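Printed here is my_file.txt (compact mmCIF, C-alpha atoms (C1' of nucleotides)):
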```txt
# COMPACT_ATOMS: atom_id res chain seq x y z
CA MET A 1 0.00 0.00 0.00
CA ASN A 2 2.03 2.91 -1.23
CA VAL A 3 1.66 5.75 -3.64
CA GLY A 4 4.10 5.82 -6.55
CA ARG A 5 6.21 8.69 -7.71
CA ARG A 6 4.12 9.26 -10.78
CA VAL A 7 1.42 10.60 -8.51
CA ASP A 8 3.87 12.65 -6.50
CA TYR A 9 5.34 14.20 -9.64
CA ALA A 10 1.94 14.79 -11.17
CA VAL A 11 0.76 16.63 -8.08
CA ARG A 12 3.93 18.72 -8.01
CA ALA A 13 3.57 19.61 -11.65
CA LEU A 14 -0.08 20.53 -11.36
CA SER A 15 0.38 22.53 -8.21
CA TYR A 16 3.20 24.43 -9.85
CA LEU A 17 1.01 25.22 -12.83
CA ALA A 18 -1.71 26.28 -10.43
CA GLY A 19 0.67 28.77 -8.88
CA GLN A 20 1.28 30.56 -12.17
CA PRO A 21 -0.84 33.34 -13.66
CA PRO A 22 -3.93 31.71 -15.19
CA GLY A 23 -3.34 30.59 -18.75
CA LYS A 24 0.41 31.00 -18.63
CA ILE A 25 2.23 28.32 -20.57
CA ILE A 26 5.04 26.51 -18.81
CA SER A 27 7.49 24.15 -20.43
CA ARG A 28 8.20 20.63 -19.27
CA VAL A 29 11.82 21.47 -18.54
CA ASP A 30 10.81 24.40 -16.36
CA ILE A 31 8.50 22.25 -14.31
CA GLU A 32 11.08 19.52 -13.94
CA GLU A 33 13.67 21.97 -12.74
CA LYS A 34 11.53 23.90 -10.31
CA GLN A 35 9.97 20.78 -8.86
CA GLY A 36 12.98 18.50 -8.76
CA ILE A 37 11.61 15.95 -11.18
CA PRO A 38 14.05 13.79 -13.19
CA SER A 39 14.70 15.00 -16.72
CA TYR A 40 12.38 13.64 -19.37
CA TYR A 41 10.39 11.63 -16.89
CA LEU A 42 7.66 14.18 -16.70
CA SER A 43 6.87 13.85 -20.38
CA LYS A 44 5.18 10.52 -19.83
CA ILE A 45 3.18 11.83 -16.93
CA MET A 46 2.06 14.95 -18.75
CA LYS A 47 0.89 12.77 -21.59
CA ASP A 48 -1.53 11.08 -19.22
CA LEU A 49 -2.65 14.37 -17.75
CA VAL A 50 -3.33 15.74 -21.21
CA ALA A 51 -5.19 12.59 -22.22
CA GLY A 52 -7.20 12.84 -19.01
CA GLY A 53 -8.18 16.40 -19.76
CA LEU A 54 -6.50 17.91 -16.71
CA VAL A 55 -4.04 20.04 -18.63
CA HIS A 56 -3.77 21.56 -22.06
CA SER A 57 -0.63 21.14 -24.12
CA HIS A 58 0.81 23.61 -26.58
CA ILE A 59 3.10 22.23 -29.23
CA GLY A 60 5.87 24.19 -30.88
CA SER A 61 8.26 26.93 -29.92
CA LYS A 62 7.28 28.63 -26.66
CA GLY A 63 4.99 25.69 -26.08
CA GLY A 64 4.31 23.90 -22.85
CA PHE A 65 1.42 23.17 -20.55
CA SER A 66 -1.34 24.95 -18.72
CA LEU A 67 -4.17 23.81 -16.49
CA ALA A 68 -7.32 22.88 -18.31
CA ARG A 69 -9.48 23.88 -15.35
CA PRO A 70 -9.32 26.02 -12.26
CA PRO A 71 -7.16 24.30 -9.64
CA GLN A 72 -10.11 24.10 -7.26
CA ALA A 73 -11.74 21.76 -9.74
CA ILE A 74 -8.92 19.23 -9.87
CA THR A 75 -8.95 16.74 -7.04
CA ILE A 76 -6.09 14.56 -5.93
CA LYS A 77 -8.26 11.52 -6.46
CA GLU A 78 -8.67 12.49 -10.07
CA VAL A 79 -4.95 13.05 -10.47
CA TYR A 80 -4.22 9.70 -8.91
CA GLU A 81 -6.57 7.83 -11.15
CA THR A 82 -5.37 9.67 -14.21
CA VAL A 83 -1.68 8.94 -13.87
CA GLU A 84 -1.79 5.61 -12.13
CA ARG A 85 -4.91 3.51 -12.15
CA PRO A 86 -8.34 3.46 -10.58
CA LEU A 87 -8.01 3.62 -6.83
CA THR A 88 -8.28 -0.08 -5.97
CA LEU A 89 -6.86 -1.55 -2.81
CA MET A 90 -7.35 -5.18 -3.80
CA GLU A 91 -7.91 -6.60 -7.23
CA CYS A 92 -11.00 -8.45 -6.08
CA LEU A 93 -12.76 -5.18 -5.29
CA ASP A 94 -12.69 -4.43 -8.97
CA LYS A 95 -12.87 -7.77 -10.69
CA GLY A 96 -14.89 -9.84 -8.27
CA GLU A 97 -15.35 -13.58 -8.92
CA GLN A 98 -13.33 -13.21 -12.04
CA TYR A 99 -10.26 -12.58 -9.94
CA CYS A 100 -10.96 -14.69 -6.87
CA SER A 101 -13.48 -17.49 -6.80
CA TYR A 102 -14.06 -17.07 -3.08
CA CYS A 103 -15.29 -13.56 -3.54
CA GLY A 104 -18.90 -14.43 -2.82
CA VAL A 105 -18.11 -15.90 0.57
CA CYS A 106 -15.17 -13.72 1.50
CA THR A 107 -15.45 -12.05 4.87
CA GLN A 108 -12.61 -9.58 4.55
CA ARG A 109 -13.68 -8.02 1.30
CA SER A 110 -15.86 -5.40 2.92
CA VAL A 111 -13.02 -4.28 5.14
CA TRP A 112 -10.88 -3.32 2.19
CA ASN A 113 -13.84 -1.86 0.46
CA ASN A 114 -14.43 0.44 3.41
CA VAL A 115 -10.83 1.52 3.51
CA GLN A 116 -10.92 2.22 -0.17
CA ASN A 117 -13.98 4.40 0.23
CA LEU A 118 -12.42 6.29 3.09
CA VAL A 119 -9.39 7.09 0.99
CA ALA A 120 -11.35 7.93 -2.12
CA ASP A 121 -13.67 10.25 -0.21
CA TYR A 122 -10.82 12.10 1.38
CA LEU A 123 -8.75 12.47 -1.77
CA GLY A 124 -11.86 13.57 -3.62
CA LYS A 125 -12.11 16.53 -1.27
CA VAL A 126 -8.57 17.79 -1.59
CA SER A 127 -7.84 19.86 -4.64
CA ILE A 128 -4.71 21.03 -6.39
CA HIS A 129 -5.58 24.49 -5.21
CA ASP A 130 -5.06 23.33 -1.66
CA ILE A 131 -1.41 22.58 -2.34
CA ALA A 132 -0.48 25.06 -5.04
CA GLU A 133 3.04 26.43 -4.85
CA PRO A 134 4.04 29.29 -7.16
CA GLN A 135 7.78 28.93 -6.78
CA GLY A 136 8.12 25.22 -7.14
CA LEU A 137 9.80 23.09 -4.52
CA LYS A 138 13.29 24.18 -5.47
CA GLY A 139 12.35 27.82 -5.18
CA ARG A 140 10.74 27.31 -1.81
CA LEU A 141 13.75 25.44 -0.62
CA SER A 142 16.23 28.20 -1.40
CA ALA A 143 13.87 30.82 -0.01
CA SER A 144 13.61 28.90 3.24
CA ARG A 145 17.39 28.82 3.52
CA ALA A 146 17.82 32.54 3.04
CA MET B 1 -1.82 1.83 -3.64
CA ASN B 2 -2.75 -1.79 -3.28
CA VAL B 3 -2.62 -4.49 -0.69
CA GLY B 4 -0.55 -7.55 -1.54
CA ARG B 5 -1.57 -11.18 -1.28
CA ARG B 6 0.61 -11.78 1.70
CA VAL B 7 -1.82 -9.70 3.71
CA ASP B 8 -4.81 -11.39 2.17
CA TYR B 9 -3.44 -14.84 2.95
CA ALA B 10 -2.38 -13.85 6.44
CA VAL B 11 -5.86 -12.57 7.23
CA ARG B 12 -7.42 -15.72 5.84
CA ALA B 13 -5.11 -17.91 7.87
CA LEU B 14 -5.68 -16.01 11.08
CA SER B 15 -9.43 -15.84 10.67
CA TYR B 16 -9.51 -19.56 10.04
CA LEU B 17 -7.52 -20.18 13.21
CA ALA B 18 -9.88 -17.86 15.04
CA GLY B 19 -12.79 -19.99 13.93
CA GLN B 20 -11.39 -23.11 15.57
CA PRO B 21 -11.85 -24.18 19.18
CA PRO B 22 -9.43 -22.09 21.26
CA GLY B 23 -5.99 -23.64 21.48
CA LYS B 24 -6.58 -26.17 18.74
CA ILE B 25 -3.51 -26.76 16.60
CA ILE B 26 -3.93 -26.56 12.87
CA SER B 27 -1.36 -27.56 10.29
CA ARG B 28 -0.12 -25.36 7.51
CA VAL B 29 -1.45 -27.74 4.88
CA ASP B 30 -4.89 -27.67 6.41
CA ILE B 31 -5.00 -23.90 6.37
CA GLU B 32 -3.76 -23.74 2.81
CA GLU B 33 -6.39 -26.19 1.65
CA LYS B 34 -9.36 -24.69 3.45
CA GLN B 35 -8.44 -21.16 2.53
CA GLY B 36 -7.31 -21.68 -1.03
CA ILE B 37 -3.74 -20.59 -0.46
CA PRO B 38 -1.01 -21.90 -2.77
CA SER B 39 0.97 -24.85 -1.40
CA TYR B 40 4.02 -23.96 0.62
CA TYR B 41 3.47 -20.27 0.24
CA LEU B 42 1.92 -19.94 3.63
CA SER B 43 5.06 -21.17 5.37
CA LYS B 44 6.81 -17.88 4.77
CA ILE B 45 3.87 -15.88 5.97
CA MET B 46 3.40 -17.94 9.11
CA LYS B 47 7.05 -17.41 9.89
CA ASP B 48 6.41 -13.68 10.04
CA LEU B 49 3.29 -14.12 12.12
CA VAL B 50 5.19 -16.28 14.59
CA ALA B 51 8.05 -13.80 14.74
CA GLY B 52 5.53 -11.03 15.30
CA GLY B 53 3.96 -12.88 18.19
CA LEU B 54 0.53 -13.24 16.61
CA VAL B 55 0.52 -17.02 16.48
CA HIS B 56 2.24 -19.85 18.27
CA SER B 57 3.90 -22.64 16.33
CA HIS B 58 4.19 -26.24 17.37
CA ILE B 59 6.94 -28.23 15.77
CA GLY B 60 6.83 -31.96 15.22
CA SER B 61 4.21 -34.54 14.43
CA LYS B 62 0.67 -33.24 14.96
CA GLY B 63 2.24 -29.81 15.06
CA GLY B 64 0.90 -26.66 13.51
CA PHE B 65 -0.26 -23.24 14.53
CA SER B 66 -2.63 -21.60 16.97
CA LEU B 67 -3.46 -18.01 17.79
CA ALA B 68 -1.25 -16.44 20.42
CA ARG B 69 -4.07 -14.15 21.54
CA PRO B 70 -7.82 -13.89 21.45
CA PRO B 71 -8.91 -12.89 17.95
CA GLN B 72 -10.47 -9.70 19.30
CA ALA B 73 -6.97 -8.60 20.23
CA ILE B 74 -5.47 -8.96 16.76
CA THR B 75 -6.12 -6.01 14.50
CA ILE B 76 -5.80 -5.95 10.74
CA LYS B 77 -3.37 -3.10 11.04
CA GLU B 78 -1.13 -5.28 13.12
CA VAL B 79 -1.40 -8.14 10.67
CA TYR B 80 -0.58 -5.84 7.81
CA GLU B 81 2.48 -4.44 9.45
CA THR B 82 3.64 -7.85 10.54
CA VAL B 83 3.59 -9.55 7.18
CA GLU B 84 4.29 -6.63 4.90
CA ARG B 85 5.81 -3.48 6.27
CA PRO B 86 4.84 -0.48 8.38
CA LEU B 87 1.78 1.17 6.90
CA THR B 88 3.43 3.95 4.91
CA LEU B 89 1.78 5.60 1.93
CA MET B 90 4.83 7.49 0.77
CA GLU B 91 8.43 6.89 1.68
CA CYS B 92 8.89 10.49 2.71
CA LEU B 93 6.36 10.11 5.53
CA ASP B 94 8.75 7.69 7.15
CA LYS B 95 12.17 8.87 6.14
CA GLY B 96 11.72 12.61 5.81
CA GLU B 97 14.58 14.73 4.46
CA GLN B 98 16.65 11.62 4.14
CA TYR B 99 14.42 10.44 1.36
CA CYS B 100 13.39 13.70 -0.28
CA SER B 101 15.27 16.93 0.24
CA TYR B 102 12.14 19.00 -0.42
CA CYS B 103 10.39 17.48 2.54
CA GLY B 104 10.60 20.61 4.63
CA VAL B 105 8.85 22.75 2.06
CA CYS B 106 6.56 20.12 0.57
CA THR B 107 2.92 21.07 0.49
CA GLN B 108 1.42 17.71 -0.32
CA ARG B 109 3.06 15.76 2.45
CA SER B 110 0.30 16.44 4.95
CA VAL B 111 -2.30 15.17 2.53
CA TRP B 112 -0.75 11.73 2.39
CA ASN B 113 -0.12 11.83 6.07
CA ASN B 114 -3.81 12.39 6.68
CA VAL B 115 -4.78 9.56 4.39
CA GLN B 116 -2.35 7.29 6.11
CA ASN B 117 -3.82 8.12 9.49
CA LEU B 118 -7.32 7.51 8.23
CA VAL B 119 -6.37 4.07 7.04
CA ALA B 120 -4.33 3.19 10.09
CA ASP B 121 -7.13 4.25 12.42
CA TYR B 122 -9.69 2.22 10.59
CA LEU B 123 -7.59 -0.91 10.28
CA GLY B 124 -6.62 -0.58 13.92
CA LYS B 125 -10.28 -0.94 14.84
CA VAL B 126 -11.05 -4.04 12.83
CA SER B 127 -10.01 -7.30 14.42
CA ILE B 128 -9.56 -10.83 13.20
CA HIS B 129 -12.60 -11.71 15.27
CA ASP B 130 -14.67 -9.51 13.00
CA ILE B 131 -13.90 -11.70 10.02
CA ALA B 132 -13.40 -15.13 11.54
CA GLU B 133 -14.66 -18.02 9.45
CA PRO B 134 -14.71 -21.52 11.00
CA GLN B 135 -15.04 -23.43 7.77
CA GLY B 136 -12.45 -21.67 5.70
CA LEU B 137 -13.26 -20.13 2.36
CA LYS B 138 -13.43 -23.44 0.55
CA GLY B 139 -15.87 -24.80 3.09
CA ARG B 140 -18.07 -21.75 2.88
CA LEU B 141 -18.01 -21.92 -0.85
CA SER B 142 -19.31 -25.49 -1.07
CA ALA B 143 -21.87 -24.79 1.64
CA SER B 144 -23.17 -21.81 -0.29
CA ARG B 145 -23.60 -23.99 -3.36
CA ALA B 146 -25.58 -26.69 -1.58
C1' DG C 1 11.73 30.32 -45.53
C1' DA C 2 14.94 28.83 -41.98
C1' DC C 3 15.68 27.77 -37.50
C1' DA C 4 15.11 26.88 -32.83
C1' DA C 5 12.11 25.42 -29.25
C1' DA C 6 8.75 22.84 -27.78
C1' DG C 7 5.43 18.51 -27.23
C1' DT C 8 4.46 13.44 -29.03
C1' DG C 9 5.18 8.83 -29.36
C1' DG C 10 7.61 5.16 -28.48
C1' DA C 11 11.81 2.33 -27.69
C1' DC C 12 14.87 0.86 -24.32
C1' DC C 13 17.18 -0.30 -19.87
C1' DT C 14 17.75 -1.52 -14.99
C1' DT C 15 16.27 -2.86 -10.62
C1' DG C 16 13.60 -4.71 -7.19
C1' DG C 17 9.81 -6.88 -5.29
C1' DA C 18 5.83 -10.04 -5.53
C1' DA C 19 4.47 -14.54 -5.94
C1' DG C 20 5.34 -19.05 -6.00
C1' DT C 21 8.03 -23.63 -5.58
C1' DC C 22 11.05 -26.72 -3.46
C1' DT C 23 14.40 -29.08 -0.35
C1' DA C 24 17.33 -30.19 3.64
C1' DT C 25 17.10 -30.13 8.53
C1' DA C 26 15.43 -30.20 13.21
C1' DT C 27 11.83 -31.49 16.21
C1' DT C 28 8.21 -34.13 18.22
C1' DA C 29 4.08 -37.47 18.97
C1' DT C 30 3.04 -42.09 18.71
C1' DA D 1 11.99 -46.00 14.74
C1' DT D 2 8.88 -43.61 11.97
C1' DA D 3 6.00 -40.30 10.21
C1' DA D 4 4.44 -35.74 10.43
C1' DT D 5 5.43 -31.25 11.03
C1' DA D 6 7.62 -26.49 11.31
C1' DT D 7 11.98 -23.91 9.94
C1' DA D 8 15.22 -21.81 7.11
C1' DG D 9 16.54 -20.51 3.11
C1' DA D 10 17.62 -21.18 -1.85
C1' DC D 11 15.72 -20.60 -6.21
C1' DT D 12 12.86 -19.09 -10.18
C1' DT D 13 9.72 -16.29 -12.88
C1' DC D 14 7.41 -12.37 -13.99
C1' DC D 15 6.28 -7.72 -14.18
C1' DA D 16 5.97 -2.98 -12.93
C1' DA D 17 8.31 1.18 -11.38
C1' DG D 18 11.43 4.41 -12.45
C1' DG D 19 14.25 6.43 -15.50
C1' DT D 20 16.65 7.76 -20.05
C1' DC D 21 16.79 8.81 -24.75
C1' DC D 22 15.69 9.83 -29.58
C1' DA D 23 13.23 10.54 -34.13
C1' DC D 24 9.41 13.19 -35.54
C1' DT D 25 6.10 16.93 -35.81
C1' DT D 26 4.45 21.38 -34.85
C1' DT D 27 4.86 26.22 -34.30
C1' DG D 28 6.64 30.92 -33.04
C1' DT D 29 10.09 34.21 -34.44
C1' DC D 30 13.36 36.50 -37.21
```
Please lay out the structure from this file as structure tokens.
Amino acid sequence: MNVGRRVDYAVRALSYLAGQPPGKIISRVDIEEKQGIPSYYLSKIMKDLVAGGLVHSHIGSKGGFSLARPPQAITIKEVYETVERPLTLMECLDKGEQYCSYCGVCTQRSVWNNVQNLVADYLGKVSIHDIAEPQGLKGRLSASRA
Amino acid sequence: MNVGRRVDYAVRALSYLAGQPPGKIISRVDIEEKQGIPSYYLSKIMKDLVAGGLVHSHIGSKGGFSLARPPQAITIKEVYETVERPLTLMECLDKGEQYCSYCGVCTQRSVWNNVQNLVADYLGKVSIHDIAEPQGLKGRLSASRA
DNA sequence: GACAAAGTGGACCTTGGAAGTCTATATTAT
DNA sequence: ATAATATAGACTTCCAAGGTCCACTTTGTC
């Protein structure tokens, strides 16, 4: 039960975009640098975010990315499910009998189902706006050392 | 964010033990068969549960396992942490700056920390007693088909 | 029109962990 | 003595996470 870096990086990227003037276009390299994300890696994540309709991409010189919606309207749950997979604690919660033939008589299934709902509810209430950071992590870090 | 089979199997094994007359000794093979757990696999899991003090083992002929405590006193959280690892959603929640140098200025850390606490609290309140099943999954399955 | 600066799409690599299987050994009840 | 059992650990297979890189296309700017 752990959250991968894709989600971490996606949240960083989105919160950085959210901290910029609305509509401003930011390049992948800029995001990577300000947020301490490994070179190139972000390109795969942004692809998912574009496909999921969370950000807009702008091809060509001076291109980059911008939020497709106000940051208040992007929840962490949505981000998670866009860059990773549907929030599922155990395969059986999704696939049922197909995955585990004991599903129908399983007594622990509801426990994990409850946990999953707890998590989903909470993450559905936190938005990118709640963690936006204009300077990026690197900027905040140097500021805090000054 | 998903729970591995080790946890699933451990919960099945413990809940099966909990469904037996107190103190009765059950062999690994019996548990595996009744609970639909792959042969041999359970031996590694039981090792952890013994080391963690959740079950007692009895070596030798007619040996096997029995719960070390009343099933009400064994929480799923404890089982999870015994057979897998401490319940940690993101590495940084455990290791701090050591893991991620932006930790001190990270704005999403508290979100994952909250989720983690939600989950830990919930799992700490559910006990093996709550999901005990005397017949084992296989037994329940055939009974439900009768 | 040429050029540079971007995203797009996809190939590729490495590493580690999950899941599962098996065997030799020590221990114990009968 | 024998059979049944846990113990310890080796071993394999498979796959996903994380990361790196490049050929191609698109587009702004001079």
Inset, instruction - Residues of chain D near chain A: apply a cut-off of 6 Å, count only C-alpha atoms (C1' of nucleotides), and supply the list as a VMD selection string. - result: chain D and resid 26 to 28
Per residue of chain A within 12 Å of chain C, what are the shortest atom pair and its distance in Å to one decimal, counting all atoms listed in the file, with rows by chain and residue number, as JSON lines?
```
{"residue": "A:Ile25", "atom": "CA", "partner": "C:DA6", "partner_atom": "C1'", "distance": 11.2}
{"residue": "A:Ile26", "atom": "CA", "partner": "C:DA6", "partner_atom": "C1'", "distance": 10.4}
{"residue": "A:Ser27", "atom": "CA", "partner": "C:DA6", "partner_atom": "C1'", "distance": 7.6}
{"residue": "A:Arg28", "atom": "CA", "partner": "C:DG7", "partner_atom": "C1'", "distance": 8.7}
{"residue": "A:Val29", "atom": "CA", "partner": "C:DA6", "partner_atom": "C1'", "distance": 9.8}
{"residue": "A:Asp30", "atom": "CA", "partner": "C:DA6", "partner_atom": "C1'", "distance": 11.7}
{"residue": "A:Tyr40", "atom": "CA", "partner": "C:DG7", "partner_atom": "C1'", "distance": 11.6}
{"residue": "A:Leu42", "atom": "CA", "partner": "C:DG7", "partner_atom": "C1'", "distance": 11.6}
{"residue": "A:Ser43", "atom": "CA", "partner": "C:DG7", "partner_atom": "C1'", "distance": 8.4}
{"residue": "A:Lys44", "atom": "CA", "partner": "C:DG9", "partner_atom": "C1'", "distance": 9.7}
{"residue": "A:Met46", "atom": "CA", "partner": "C:DG7", "partner_atom": "C1'", "distance": 9.8}
{"residue": "A:Lys47", "atom": "CA", "partner": "C:DT8", "partner_atom": "C1'", "distance": 8.3}
{"residue": "A:Asp48", "atom": "CA", "partner": "C:DT8", "partner_atom": "C1'", "distance": 11.7}
{"residue": "A:Val50", "atom": "CA", "partner": "C:DG7", "partner_atom": "C1'", "distance": 11.0}
{"residue": "A:Ala51", "atom": "CA", "partner": "C:DT8", "partner_atom": "C1'", "distance": 11.8}
{"residue": "A:His56", "atom": "CA", "partner": "C:DG7", "partner_atom": "C1'", "distance": 11.0}
{"residue": "A:Ser57", "atom": "CA", "partner": "C:DG7", "partner_atom": "C1'", "distance": 7.3}
{"residue": "A:His58", "atom": "CA", "partner": "C:DG7", "partner_atom": "C1'", "distance": 6.9}
{"residue": "A:Ile59", "atom": "CA", "partner": "C:DG7", "partner_atom": "C1'", "distance": 4.8}
{"residue": "A:Gly60", "atom": "CA", "partner": "C:DA6", "partner_atom": "C1'", "distance": 4.4}
{"residue": "A:Ser61", "atom": "CA", "partner": "C:DA5", "partner_atom": "C1'", "distance": 4.2}
{"residue": "A:Lys62", "atom": "CA", "partner": "C:DA6", "partner_atom": "C1'", "distance": 6.1}
{"residue": "A:Gly63", "atom": "CA", "partner": "C:DA6", "partner_atom": "C1'", "distance": 5.0}
{"residue": "A:Gly64", "atom": "CA", "partner": "C:DA6", "partner_atom": "C1'", "distance": 6.7}
{"residue": "A:Phe65", "atom": "CA", "partner": "C:DG7", "partner_atom": "C1'", "distance": 9.1}
```
Closest atom pairs, chain A residues within 8 Å of chain B, all atoms listed in the file, as a Markdown table:
```
| residue | atom | partner | partner_atom | distance |
| --- | --- | --- | --- | --- |
| A:Met1 | CA | B:Met1 | CA | 4.5 |
| A:Asn2 | CA | B:Leu89 | CA | 4.2 |
| A:Val3 | CA | B:Met1 | CA | 5.2 |
| A:Gly4 | CA | B:Met90 | CA | 7.5 |
| A:Val11 | CA | B:Gln108 | CA | 7.9 |
| A:Leu87 | CA | B:Met1 | CA | 7.2 |
| A:Thr88 | CA | B:Asn2 | CA | 6.4 |
| A:Leu89 | CA | B:Asn2 | CA | 4.1 |
| A:Met90 | CA | B:Val3 | CA | 5.7 |
| A:Tyr102 | CA | B:Leu137 | CA | 6.3 |
| A:Gly104 | CA | B:Leu141 | CA | 7.8 |
| A:Val105 | CA | B:Leu141 | CA | 6.2 |
| A:Cys106 | CA | B:Leu137 | CA | 6.7 |
| A:Thr107 | CA | B:Ile131 | CA | 5.4 |
| A:Gln108 | CA | B:Ile131 | CA | 6.0 |
| A:Val111 | CA | B:Val126 | CA | 7.9 |
| A:Val115 | CA | B:Val119 | CA | 6.2 |
| A:Leu118 | CA | B:Leu118 | CA | 7.3 |
| A:Val119 | CA | B:Val115 | CA | 6.2 |
| A:Tyr122 | CA | B:Val115 | CA | 7.2 |
| A:Leu123 | CA | B:Val115 | CA | 7.9 |
| A:Val126 | CA | B:Val111 | CA | 7.9 |
| A:Ile131 | CA | B:Thr107 | CA | 5.4 |
| A:Ala132 | CA | B:Thr107 | CA | 7.6 |
| A:Glu133 | CA | B:Thr107 | CA | 7.6 |
| A:Leu137 | CA | B:Tyr102 | CA | 6.2 |
| A:Lys138 | CA | B:Tyr102 | CA | 7.3 |
| A:Arg140 | CA | B:Val105 | CA | 6.3 |
| A:Leu141 | CA | B:Val105 | CA | 6.2 |
| A:Ser144 | CA | B:Val105 | CA | 7.9 |
```
Inset, instruction - Have a look at atom CA of A:Pro134 and atom CA of A:Pro22 and let me know their distance in Å, one decimal. - result: 11.6 Å
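Going from atom C1' of D:DT12 to atom CA of B:Ile45 covers 18.8 Å.
Separating atom CA of B:Tyr9 from atom CA of B:Val83 is a distance of 9.8 Å.
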Legend entry - Residue nearest B:Ile31 - candidates B:Gly124, B:Gln135, B:Leu54, B:Glu78, atoms counted: only C-alpha atoms: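 So, comparing all the options, the nearest one is B:Gln135.
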Where atoms are absent from stretch 98-110 of chain A, fill them in so it carries N, CA and C atoms, then output it as a PDB file, keeping the file's coordinate frame.
```pdb
ATOM      1  N   GLN A  98     -14.254 -13.046 -10.937  1.00  0.00           N
ATOM      2  CA  GLN A  98     -13.330 -13.210 -12.040  1.00  0.00           C
ATOM      3  C   GLN A  98     -11.895 -13.333 -11.532  1.00  0.00           C
ATOM      4  N   TYR A  99     -11.626 -12.610 -10.455  1.00  0.00           N
ATOM      5  CA  TYR A  99     -10.260 -12.580  -9.940  1.00  0.00           C
ATOM      6  C   TYR A  99     -10.060 -13.610  -8.845  1.00  0.00           C
ATOM      7  N   CYS A 100     -11.068 -13.767  -7.999  1.00  0.00           N
ATOM      8  CA  CYS A 100     -10.960 -14.690  -6.870  1.00  0.00           C
ATOM      9  C   CYS A 100     -12.274 -15.412  -6.685  1.00  0.00           C
ATOM     10  N   SER A 101     -12.239 -16.721  -6.797  1.00  0.00           N
ATOM     11  CA  SER A 101     -13.480 -17.490  -6.800  1.00  0.00           C
ATOM     12  C   SER A 101     -14.172 -17.512  -5.444  1.00  0.00           C
ATOM     13  N   TYR A 102     -13.458 -17.052  -4.402  1.00  0.00           N
ATOM     14  CA  TYR A 102     -14.060 -17.070  -3.080  1.00  0.00           C
ATOM     15  C   TYR A 102     -14.777 -15.763  -2.750  1.00  0.00           C
ATOM     16  N   CYS A 103     -14.726 -14.886  -3.708  1.00  0.00           N
ATOM     17  CA  CYS A 103     -15.290 -13.560  -3.540  1.00  0.00           C
ATOM     18  C   CYS A 103     -16.659 -13.560  -2.859  1.00  0.00           C
ATOM     19  N   GLY A 104     -17.529 -14.420  -3.324  1.00  0.00           N
ATOM     20  CA  GLY A 104     -18.900 -14.430  -2.820  1.00  0.00           C
ATOM     21  C   GLY A 104     -19.013 -14.758  -1.337  1.00  0.00           C
ATOM     22  N   VAL A 105     -18.046 -15.505  -0.830  1.00  0.00           N
ATOM     23  CA  VAL A 105     -18.110 -15.900   0.570  1.00  0.00           C
ATOM     24  C   VAL A 105     -16.975 -15.300   1.402  1.00  0.00           C
ATOM     25  N   CYS A 106     -16.335 -14.310   0.833  1.00  0.00           N
ATOM     26  CA  CYS A 106     -15.170 -13.720   1.500  1.00  0.00           C
ATOM     27  C   CYS A 106     -15.613 -12.742   2.581  1.00  0.00           C
ATOM     28  N   THR A 107     -15.021 -12.889   3.758  1.00  0.00           N
ATOM     29  CA  THR A 107     -15.450 -12.050   4.870  1.00  0.00           C
ATOM     30  C   THR A 107     -14.567 -10.821   5.081  1.00  0.00           C
ATOM     31  N   GLN A 108     -13.471 -10.747   4.356  1.00  0.00           N
ATOM     32  CA  GLN A 108     -12.610  -9.580   4.550  1.00  0.00           C
ATOM     33  C   GLN A 108     -12.770  -8.540   3.449  1.00  0.00           C
ATOM     34  N   ARG A 109     -13.540  -8.911   2.450  1.00  0.00           N
ATOM     35  CA  ARG A 109     -13.680  -8.020   1.300  1.00  0.00           C
ATOM     36  C   ARG A 109     -14.231  -6.654   1.702  1.00  0.00           C
ATOM     37  N   SER A 110     -15.228  -6.663   2.563  1.00  0.00           N
ATOM     38  CA  SER A 110     -15.860  -5.400   2.920  1.00  0.00           C
ATOM     39  C   SER A 110     -14.911  -4.495   3.702  1.00  0.00           C
TER      40      SER A 110
END
```
